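Peer 1: Input structure: start_1.txt, which contains compact mmCIF, C-alpha atoms.
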# COMPACT_ATOMS: atom_id res chain seq x y z
CA MET A 12 75.59 115.69 130.96
CA LEU A 13 76.25 118.97 129.21
CA LEU A 14 78.57 121.34 131.01
CA ASP A 15 78.06 125.10 131.16
CA VAL A 16 78.66 126.16 127.58
CA LYS A 17 79.91 129.59 128.69
CA THR A 18 82.98 127.92 130.14
CA THR A 19 83.47 125.28 127.47
CA ILE A 20 82.57 126.71 124.09
CA SER A 21 81.67 130.03 122.52
CA GLN A 22 78.02 131.04 122.27
CA ASP A 23 78.53 131.53 118.54
CA LEU A 24 79.59 127.93 118.05
CA GLN A 25 76.78 126.67 120.27
CA ASP A 26 74.30 128.40 117.98
CA ARG A 27 76.00 127.01 114.87
CA LEU A 28 75.95 123.45 116.22
CA ARG A 29 72.21 123.21 115.70
CA SER A 30 71.65 120.69 112.94
CA PRO A 31 69.05 118.03 112.10
CA TYR A 32 71.93 115.60 111.52
CA LEU A 33 73.94 116.09 114.75
CA ARG A 34 73.08 115.17 118.31
CA ILE A 35 75.34 116.98 120.77
CA GLU A 36 76.21 114.56 123.56
CA GLU A 37 78.74 116.54 125.57
CA LEU A 38 80.68 119.80 125.60
CA ARG A 39 83.91 119.28 127.49
CA GLY A 40 86.67 121.85 127.54
CA ASP A 41 87.89 122.18 123.97
CA MET A 42 86.00 119.07 122.81
CA VAL A 43 82.51 118.69 121.38
CA ILE A 44 81.26 115.10 121.35
CA ALA A 45 78.40 114.52 118.93
CA SER A 46 76.66 111.55 117.34
CA ALA A 47 74.81 110.82 114.13
CA ALA A 48 72.95 107.93 112.59
CA PRO A 49 74.78 106.13 109.76
CA SER A 50 72.22 107.45 107.27
CA ASP A 51 72.96 111.02 108.41
CA LEU A 52 76.77 110.73 108.30
CA VAL A 53 77.38 112.40 104.93
CA PRO A 54 75.08 115.39 105.53
CA ALA A 55 76.50 115.70 109.05
CA VAL A 56 80.06 115.81 107.68
CA ARG A 57 79.00 118.32 105.06
CA PHE A 58 77.42 120.48 107.78
CA ILE A 59 80.59 120.33 109.90
CA ARG A 60 82.75 121.26 106.91
CA ASP A 61 80.57 123.98 105.39
CA ARG A 62 78.80 125.54 108.39
CA LEU A 63 81.32 125.01 111.19
CA GLY A 64 84.52 125.29 109.17
CA GLY A 65 85.58 121.83 110.33
CA ARG A 66 88.88 120.38 109.14
CA PHE A 67 88.89 116.57 108.93
CA ILE A 68 91.69 114.94 110.93
CA THR A 69 91.08 111.19 110.94
CA SER A 70 88.63 108.34 111.51
CA ALA A 71 88.91 105.67 114.21
CA GLY A 72 86.97 102.45 114.48
CA ALA A 73 86.35 100.55 117.71
CA ASP A 74 84.74 97.24 118.55
CA THR A 75 82.43 98.34 121.35
CA ARG A 76 80.18 95.28 121.13
CA PRO A 77 81.00 94.15 124.70
CA LEU A 78 79.63 97.49 125.96
CA THR A 79 76.89 98.44 123.51
CA GLY A 80 76.46 95.53 121.12
CA MET A 81 77.59 97.83 118.29
CA TYR A 82 80.72 98.97 116.49
CA GLN A 83 81.62 102.64 116.74
CA VAL A 84 83.34 104.80 114.14
CA THR A 85 84.51 108.24 115.24
CA GLN A 86 85.24 111.06 112.80
CA LEU A 87 87.51 113.68 114.36
CA PHE A 88 87.45 117.29 113.16
CA ALA A 89 89.31 120.44 114.19
CA LEU A 90 87.27 123.63 114.36
CA ASP A 91 90.33 125.84 114.09
CA LYS A 92 88.53 129.17 114.29
CA ASP A 93 86.91 128.14 117.58
CA LYS A 94 90.03 126.37 118.92
CA THR A 95 87.84 123.31 119.42
CA PHE A 96 87.76 119.67 118.35
CA LEU A 97 84.62 117.81 117.34
CA ALA A 98 84.33 114.03 117.63
CA LEU A 99 81.41 112.65 115.63
CA ASN A 100 80.45 109.13 116.77
CA VAL A 101 78.43 106.75 114.61
CA GLU A 102 77.18 103.46 116.06
CA VAL A 103 77.12 100.64 113.53
CA ASP A 104 74.96 97.52 113.71
CA PRO A 105 77.21 94.42 113.38
CA ALA A 106 74.53 92.81 111.21
CA ARG A 107 75.00 95.65 108.70
CA ALA A 108 78.61 96.70 109.27
CA SER A 109 78.56 99.59 106.83
CA ILE A 110 78.47 103.38 106.83
CA PRO A 111 78.43 105.75 103.84
CA SER A 112 81.79 106.92 102.52
CA PHE A 113 82.40 110.66 102.47
CA THR A 114 85.70 110.48 100.57
CA GLU A 115 84.04 112.15 97.58
CA ILE A 116 83.44 115.34 99.57
CA ILE A 117 86.58 115.11 101.76
CA PRO A 118 89.31 113.29 99.77
CA GLY A 119 91.52 113.15 102.87
CA ALA A 120 89.17 110.53 104.35
CA ASN A 121 90.30 107.99 101.74
CA TRP A 122 92.92 106.18 103.79
CA ALA A 123 91.10 106.55 107.12
CA GLU A 124 87.98 104.83 105.79
CA ARG A 125 90.02 102.01 104.28
CA GLU A 126 91.93 101.48 107.52
CA VAL A 127 88.69 101.25 109.53
CA TYR A 128 87.50 98.51 107.19
CA ASP A 129 90.81 96.62 107.33
CA MET A 130 90.97 96.64 111.11
CA ILE A 131 87.34 96.56 112.29
CA GLY A 132 85.41 95.40 109.24
CA VAL A 133 83.06 98.40 108.97
CA GLU A 134 82.74 99.11 105.26
CA ALA A 135 82.71 102.63 103.82
CA ALA A 136 80.00 102.01 101.24
CA GLY A 137 80.61 103.81 97.96
CA HIS A 138 84.33 104.33 98.56
CA PRO A 139 86.06 105.05 95.23
CA ASP A 140 89.07 102.82 95.99
CA PRO A 141 88.25 100.15 98.60
CA ARG A 142 91.47 98.16 98.17
CA ARG A 143 93.28 96.82 101.22
CA LEU A 144 95.51 99.45 102.84
CA VAL A 145 97.04 98.31 106.14
CA LEU A 146 96.87 94.53 106.23
CA PRO A 147 99.56 92.29 104.64
CA ASP A 148 99.12 91.00 101.11
CA ASP A 149 98.53 87.44 102.35
CA TRP A 150 96.00 88.32 105.09
CA PRO A 151 92.78 86.26 104.76
CA ASN A 152 89.47 87.90 103.90
CA ASN A 153 86.87 88.61 106.59
CA VAL A 154 89.41 88.54 109.44
CA TYR A 155 89.63 91.85 111.29
CA PRO A 156 92.44 92.09 113.85
CA LEU A 157 91.03 94.89 116.03
CA ARG A 158 87.79 93.09 116.74
CA LYS A 159 87.61 91.88 120.33
CA ASP A 160 87.14 88.24 119.31
CA PHE A 161 90.48 88.22 117.44
CA LYS A 162 93.14 87.00 119.90
CA VAL A 163 96.39 88.90 120.22
CA ASP A 164 98.43 85.72 119.59
CA GLU A 165 96.24 84.44 116.77
CA ARG A 166 98.00 83.59 113.50
CA PRO A 167 95.47 83.24 110.68
CA PRO A 168 96.40 81.07 107.70
CA ALA A 169 98.11 82.88 104.85
CA ALA A 170 96.07 83.71 101.75
CA PRO A 171 98.62 84.66 99.05
CA GLY A 172 95.87 85.23 96.51
CA ASN A 173 94.82 88.41 98.31
CA LYS A 174 97.77 90.47 97.14
CA VAL A 175 96.71 94.04 96.41
CA ARG A 176 96.60 94.81 92.71
CA LEU A 177 98.17 98.13 91.81
CA ASN A 178 96.36 100.46 89.42
CA LEU A 179 97.24 100.54 85.74
CA PRO A 180 98.89 103.70 84.36
CA PRO A 181 96.97 106.19 82.20
CA LYS A 182 97.12 105.68 78.45
CA ASP A 183 100.57 106.28 76.94
CA ALA A 184 102.15 106.82 80.39
CA SER A 185 105.33 105.08 81.46
CA VAL A 186 105.72 103.47 84.90
CA LEU A 187 108.62 104.45 87.15
CA PRO A 188 108.72 102.07 90.16
CA ILE A 189 110.26 103.21 93.44
CA GLY A 190 110.77 100.68 96.22
CA PRO A 191 109.64 98.65 98.00
CA PHE A 192 112.72 99.69 99.99
CA PHE A 193 113.76 103.31 99.87
CA PRO A 194 116.56 104.52 102.15
CA THR A 195 115.26 108.04 102.83
CA LEU A 196 111.91 106.90 104.26
CA GLU A 197 111.25 105.78 107.82
CA GLU A 198 108.99 102.99 106.57
CA PRO A 199 109.51 100.99 103.36
CA VAL A 200 106.91 101.71 100.69
CA PHE A 201 106.35 100.85 97.06
CA ILE A 202 105.39 103.65 94.69
CA ASN A 203 104.52 103.47 91.01
CA LEU A 204 104.89 106.86 89.37
CA PHE A 205 103.04 107.32 86.08
CA VAL A 206 104.96 109.72 83.86
CA HIS A 207 104.76 111.37 80.46
CA GLY A 208 108.38 112.24 79.86
CA GLU A 209 109.37 114.28 82.92
CA GLU A 210 105.78 115.09 83.90
CA ILE A 211 104.20 113.00 86.66
CA VAL A 212 100.59 112.33 85.68
CA GLY A 213 99.61 109.92 88.45
CA MET A 214 100.82 107.40 90.99
CA ASP A 215 99.88 104.38 93.04
CA TYR A 216 101.11 103.42 96.49
CA ARG A 217 101.51 100.36 98.67
CA GLY A 218 102.84 100.89 102.16
CA PHE A 219 102.50 99.77 105.75
CA TYR A 220 105.19 97.13 105.29
CA GLY A 221 106.41 98.04 108.78
CA HIS A 222 102.98 97.49 110.41
CA ARG A 223 103.60 95.32 113.50
CA GLY A 224 100.23 95.00 115.18
CA VAL A 225 101.02 97.46 117.96
CA GLU A 226 97.40 98.66 118.06
CA LYS A 227 96.20 95.13 118.84
CA LEU A 228 98.90 94.65 121.45
CA ALA A 229 97.98 97.97 123.07
CA ASP A 230 94.28 97.10 123.07
CA ALA A 231 94.70 93.58 124.44
CA GLU A 232 97.81 93.45 126.63
CA LEU A 233 99.48 96.77 127.47
CA THR A 234 98.67 99.22 130.23
CA TYR A 235 98.00 102.89 129.53
CA GLN A 236 101.55 103.74 130.61
CA GLN A 237 103.14 101.04 128.44
CA VAL A 238 101.50 102.07 125.16
CA PRO A 239 103.49 105.30 124.50
CA TYR A 240 106.70 103.60 125.63
CA ILE A 241 106.53 100.78 123.07
CA ALA A 242 105.24 103.13 120.34
CA GLU A 243 108.21 105.43 120.87
CA ARG A 244 110.65 102.50 120.83
CA ILE A 245 109.30 101.20 117.52
CA CYS A 246 109.10 104.63 115.89
CA GLY A 247 112.59 105.55 117.06
CA ILE A 248 111.45 108.72 118.80
Hey, can you dump this file as structure tokens for me?

Peer 2:
Amino acid sequence: MLLDVKTTISQDLQDRLRSPYLRIEELRGDMVIASAAPSDLVPAVRFIRDRLGGRFITSAGADTRPLTGMYQVTQLFALDKDKTFLALNVEVDPARASIPSFTEIIPGANWAEREVYDMIGVEAAGHPDPRRLVLPDDWPNNVYPLRKDFKVDERPPAAPGNKVRLNLPPKDASVLPIGPFFPTLEEPVFINLFVHGEEIVGMDYRGFYGHRGVEKLADAELTYQQVPYIAERICGI
């Protein structure tokens, strides 16, 4: 149910929210909750960016099949001028677990889209670099740890052949490897710098070596109060 927009959002933003690609589900405090069909995702994102001044924050995937029979991918934006957040929900049919990538128009979505695929198995179709991001190099294909049917204590068989292949350097560039352990970083990473002399002309990255499955543990076992406690312990906050 929509709340009184005069107390939740400016009239100007309410007028600008009108779009053939967005369905406004709820206006709540400083949050707009909207939805879009998968086929409308890219034009909806473009509308949020260009017409609303939206700044992309992140994507989050969820296995909501027990509730709706669908997966859900949420794109979170900050509408800084309006001091408002916008959550754009897209329901995804498990039989066609795919939504269009919008990394080409918002490059910052690159990692978020790859992480959603790694963890939930919803593909960002057309992504320019769909390599594995979060999961270990020996994780088997077509096994998605944040799906509800994956058990928290499940140990899938190793698949060493799935190691992520790093990109080749540009022509005539030298490779300067850094890592995979680097003492000034909180989490070990491996970085290949591509250099022409002292000029860096590109790079490739492999990280998440410290990923410990806390999201799965939080989803399956921990209470709401326990989640921040264990996250802070692991992160050393």

Peer 1: Tell me, in Å to one decimal, how far CA of Pro168 in chain A is from CA of Tyr220 in chain A.

Peer 2: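 Between CA of Pro168 in chain A and CA of Tyr220 in chain A the gap works out to 18.5 Å.
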
Peer 1: Could you name the residues that touch Pro105 in chain A at 10 Å or less, counting all atoms listed in the file, but leaving out those on the same chain fewer than 4 positions away, as a ChimeraX atom specification?

Peer 2: /A:74,76,80-83,109,132-133

Peer 1: Using all atoms listed in the file, find the one residue out of A:Asp129, A:Asp230, A:Asp164, A:Glu134 that sits nearest to Trp150 in chain A.

Peer 2: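 Of the candidates, the smallest distance to Trp150 in chain A is held by A:Asp129.
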
Peer 1: Within 7 Å of range 184-189 of chain A, counting only C-alpha atoms, which residues qualify if same-chain residues fewer than 4 places away don't, as a count of residues only?

Peer 2: 8

Peer 1: Please indicate the distance in Å from CA of Ala48 in chain A to CA of Leu146 in chain A, rounded to one decimal place.

Peer 2: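 Between these atoms lies a distance of 28.1 Å.
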
Peer 1: What does the distance between CA of Glu232 in chain A and CA of Gly72 in chain A come to in Å, to one decimal place?

Peer 2: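 So the answer is 18.6 Å.
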
Peer 1: Between A:Leu33, A:Ala120, A:Ala170, A:Leu52, which is the closest to Asp148 in chain A once you count all atoms listed in the file?

Peer 2: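 So, comparing all the options, the nearest one is A:Ala170.
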
Peer 1: Taking (88.3, 95.6, 117.9) in the file's coordinates, which residues come within 8 Å, counting only C-alpha atoms, written as an MDAnalysis selection string?

Peer 2: chainID A and resid 72:75 130:131 155:161 227

Peer 1: I'd like the contact shell of Ile116 in chain A - 10 Å cut-off, all atoms listed in the file, skipping same-chain residues fewer than 5 positions apart - returned as a ChimeraX atom specification.

Peer 2: /A:53,56-57,60

Peer 1: Tell me which of A:Ile117, A:Pro31, A:Thr79, A:Gly208 sits closest to Phe67 in chain A, counting only C-alpha atoms.

Peer 2: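 Smallest distance to Phe67 in chain A is found for A:Ile117.
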
Peer 1: Using all atoms listed in the file, which of A:Arg244, A:His138, A:Lys92, A:Arg217 sits nearest Asp23 in chain A?

Peer 2: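 Counting all atoms listed in the file, the residue closest to Asp23 in chain A is A:Lys92.
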
Peer 1: Restore N, CA and C atoms in range 26-53 of chain A and list the result as a PDB file, keeping the file's coordinate frame.

Peer 2:
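See rebuild_14.pdb below for the written result:
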ATOM      1  N   ASP A  26      75.406 128.114 118.894  1.00  0.00           N
ATOM      2  CA  ASP A  26      74.300 128.400 117.980  1.00  0.00           C
ATOM      3  C   ASP A  26      74.505 127.670 116.654  1.00  0.00           C
ATOM      4  N   ARG A  27      75.745 127.638 116.168  1.00  0.00           N
ATOM      5  CA  ARG A  27      76.000 127.010 114.870  1.00  0.00           C
ATOM      6  C   ARG A  27      75.957 125.489 114.917  1.00  0.00           C
ATOM      7  N   LEU A  28      75.996 124.904 116.095  1.00  0.00           N
ATOM      8  CA  LEU A  28      75.950 123.450 116.220  1.00  0.00           C
ATOM      9  C   LEU A  28      74.563 122.877 115.942  1.00  0.00           C
ATOM     10  N   ARG A  29      73.571 123.718 115.905  1.00  0.00           N
ATOM     11  CA  ARG A  29      72.210 123.210 115.700  1.00  0.00           C
ATOM     12  C   ARG A  29      72.080 122.646 114.283  1.00  0.00           C
ATOM     13  N   SER A  30      71.742 121.376 114.219  1.00  0.00           N
ATOM     14  CA  SER A  30      71.650 120.690 112.940  1.00  0.00           C
ATOM     15  C   SER A  30      70.682 119.517 113.072  1.00  0.00           C
ATOM     16  N   PRO A  31      69.917 119.211 112.035  1.00  0.00           N
ATOM     17  CA  PRO A  31      69.050 118.030 112.100  1.00  0.00           C
ATOM     18  C   PRO A  31      69.833 116.723 112.030  1.00  0.00           C
ATOM     19  N   TYR A  32      71.121 116.806 111.708  1.00  0.00           N
ATOM     20  CA  TYR A  32      71.930 115.600 111.520  1.00  0.00           C
ATOM     21  C   TYR A  32      72.819 115.289 112.723  1.00  0.00           C
ATOM     22  N   LEU A  33      73.038 116.250 113.600  1.00  0.00           N
ATOM     23  CA  LEU A  33      73.940 116.090 114.750  1.00  0.00           C
ATOM     24  C   LEU A  33      73.155 116.039 116.039  1.00  0.00           C
ATOM     25  N   ARG A  34      73.574 115.144 116.927  1.00  0.00           N
ATOM     26  CA  ARG A  34      73.080 115.170 118.310  1.00  0.00           C
ATOM     27  C   ARG A  34      74.286 115.489 119.192  1.00  0.00           C
ATOM     28  N   ILE A  35      74.240 116.593 119.908  1.00  0.00           N
ATOM     29  CA  ILE A  35      75.340 116.980 120.770  1.00  0.00           C
ATOM     30  C   ILE A  35      75.225 116.215 122.082  1.00  0.00           C
ATOM     31  N   GLU A  36      76.230 115.393 122.370  1.00  0.00           N
ATOM     32  CA  GLU A  36      76.210 114.560 123.560  1.00  0.00           C
ATOM     33  C   GLU A  36      76.888 115.234 124.747  1.00  0.00           C
ATOM     34  N   GLU A  37      77.975 115.953 124.465  1.00  0.00           N
ATOM     35  CA  GLU A  37      78.740 116.540 125.570  1.00  0.00           C
ATOM     36  C   GLU A  37      79.610 117.672 125.059  1.00  0.00           C
ATOM     37  N   LEU A  38      79.750 118.704 125.852  1.00  0.00           N
ATOM     38  CA  LEU A  38      80.680 119.800 125.600  1.00  0.00           C
ATOM     39  C   LEU A  38      81.676 119.771 126.754  1.00  0.00           C
ATOM     40  N   ARG A  39      82.938 119.507 126.428  1.00  0.00           N
ATOM     41  CA  ARG A  39      83.910 119.280 127.490  1.00  0.00           C
ATOM     42  C   ARG A  39      85.201 120.000 127.134  1.00  0.00           C
ATOM     43  N   GLY A  40      85.446 121.124 127.819  1.00  0.00           N
ATOM     44  CA  GLY A  40      86.670 121.850 127.540  1.00  0.00           C
ATOM     45  C   GLY A  40      86.720 122.278 126.089  1.00  0.00           C
ATOM     46  N   ASP A  41      87.755 121.837 125.391  1.00  0.00           N
ATOM     47  CA  ASP A  41      87.890 122.180 123.970  1.00  0.00           C
ATOM     48  C   ASP A  41      87.401 121.052 123.075  1.00  0.00           C
ATOM     49  N   MET A  42      86.501 120.209 123.573  1.00  0.00           N
ATOM     50  CA  MET A  42      86.000 119.070 122.810  1.00  0.00           C
ATOM     51  C   MET A  42      84.487 119.060 122.781  1.00  0.00           C
ATOM     52  N   VAL A  43      83.944 118.940 121.566  1.00  0.00           N
ATOM     53  CA  VAL A  43      82.510 118.690 121.380  1.00  0.00           C
ATOM     54  C   VAL A  43      82.361 117.236 120.977  1.00  0.00           C
ATOM     55  N   ILE A  44      81.533 116.500 121.687  1.00  0.00           N
ATOM     56  CA  ILE A  44      81.260 115.100 121.350  1.00  0.00           C
ATOM     57  C   ILE A  44      79.834 115.042 120.823  1.00  0.00           C
ATOM     58  N   ALA A  45      79.699 114.577 119.587  1.00  0.00           N
ATOM     59  CA  ALA A  45      78.400 114.520 118.930  1.00  0.00           C
ATOM     60  C   ALA A  45      78.183 113.121 118.370  1.00  0.00           C
ATOM     61  N   SER A  46      76.964 112.838 117.965  1.00  0.00           N
ATOM     62  CA  SER A  46      76.660 111.550 117.340  1.00  0.00           C
ATOM     63  C   SER A  46      75.722 111.773 116.173  1.00  0.00           C
ATOM     64  N   ALA A  47      75.697 110.789 115.294  1.00  0.00           N
ATOM     65  CA  ALA A  47      74.810 110.820 114.130  1.00  0.00           C
ATOM     66  C   ALA A  47      74.464 109.394 113.752  1.00  0.00           C
ATOM     67  N   ALA A  48      73.322 109.233 113.140  1.00  0.00           N
ATOM     68  CA  ALA A  48      72.950 107.930 112.590  1.00  0.00           C
ATOM     69  C   ALA A  48      73.763 107.673 111.337  1.00  0.00           C
ATOM     70  N   PRO A  49      74.034 106.406 110.998  1.00  0.00           N
ATOM     71  CA  PRO A  49      74.780 106.130 109.760  1.00  0.00           C
ATOM     72  C   PRO A  49      74.171 106.803 108.534  1.00  0.00           C
ATOM     73  N   SER A  50      72.858 106.838 108.442  1.00  0.00           N
ATOM     74  CA  SER A  50      72.220 107.450 107.270  1.00  0.00           C
ATOM     75  C   SER A  50      72.418 108.957 107.220  1.00  0.00           C
ATOM     76  N   ASP A  51      72.763 109.569 108.363  1.00  0.00           N
ATOM     77  CA  ASP A  51      72.960 111.020 108.410  1.00  0.00           C
ATOM     78  C   ASP A  51      74.444 111.402 108.347  1.00  0.00           C
ATOM     79  N   LEU A  52      75.342 110.424 108.201  1.00  0.00           N
ATOM     80  CA  LEU A  52      76.770 110.730 108.300  1.00  0.00           C
ATOM     81  C   LEU A  52      77.225 111.729 107.249  1.00  0.00           C
ATOM     82  N   VAL A  53      76.901 111.502 105.985  1.00  0.00           N
ATOM     83  CA  VAL A  53      77.380 112.400 104.930  1.00  0.00           C
ATOM     84  C   VAL A  53      76.841 113.814 105.097  1.00  0.00           C
TER      85      VAL A  53
END
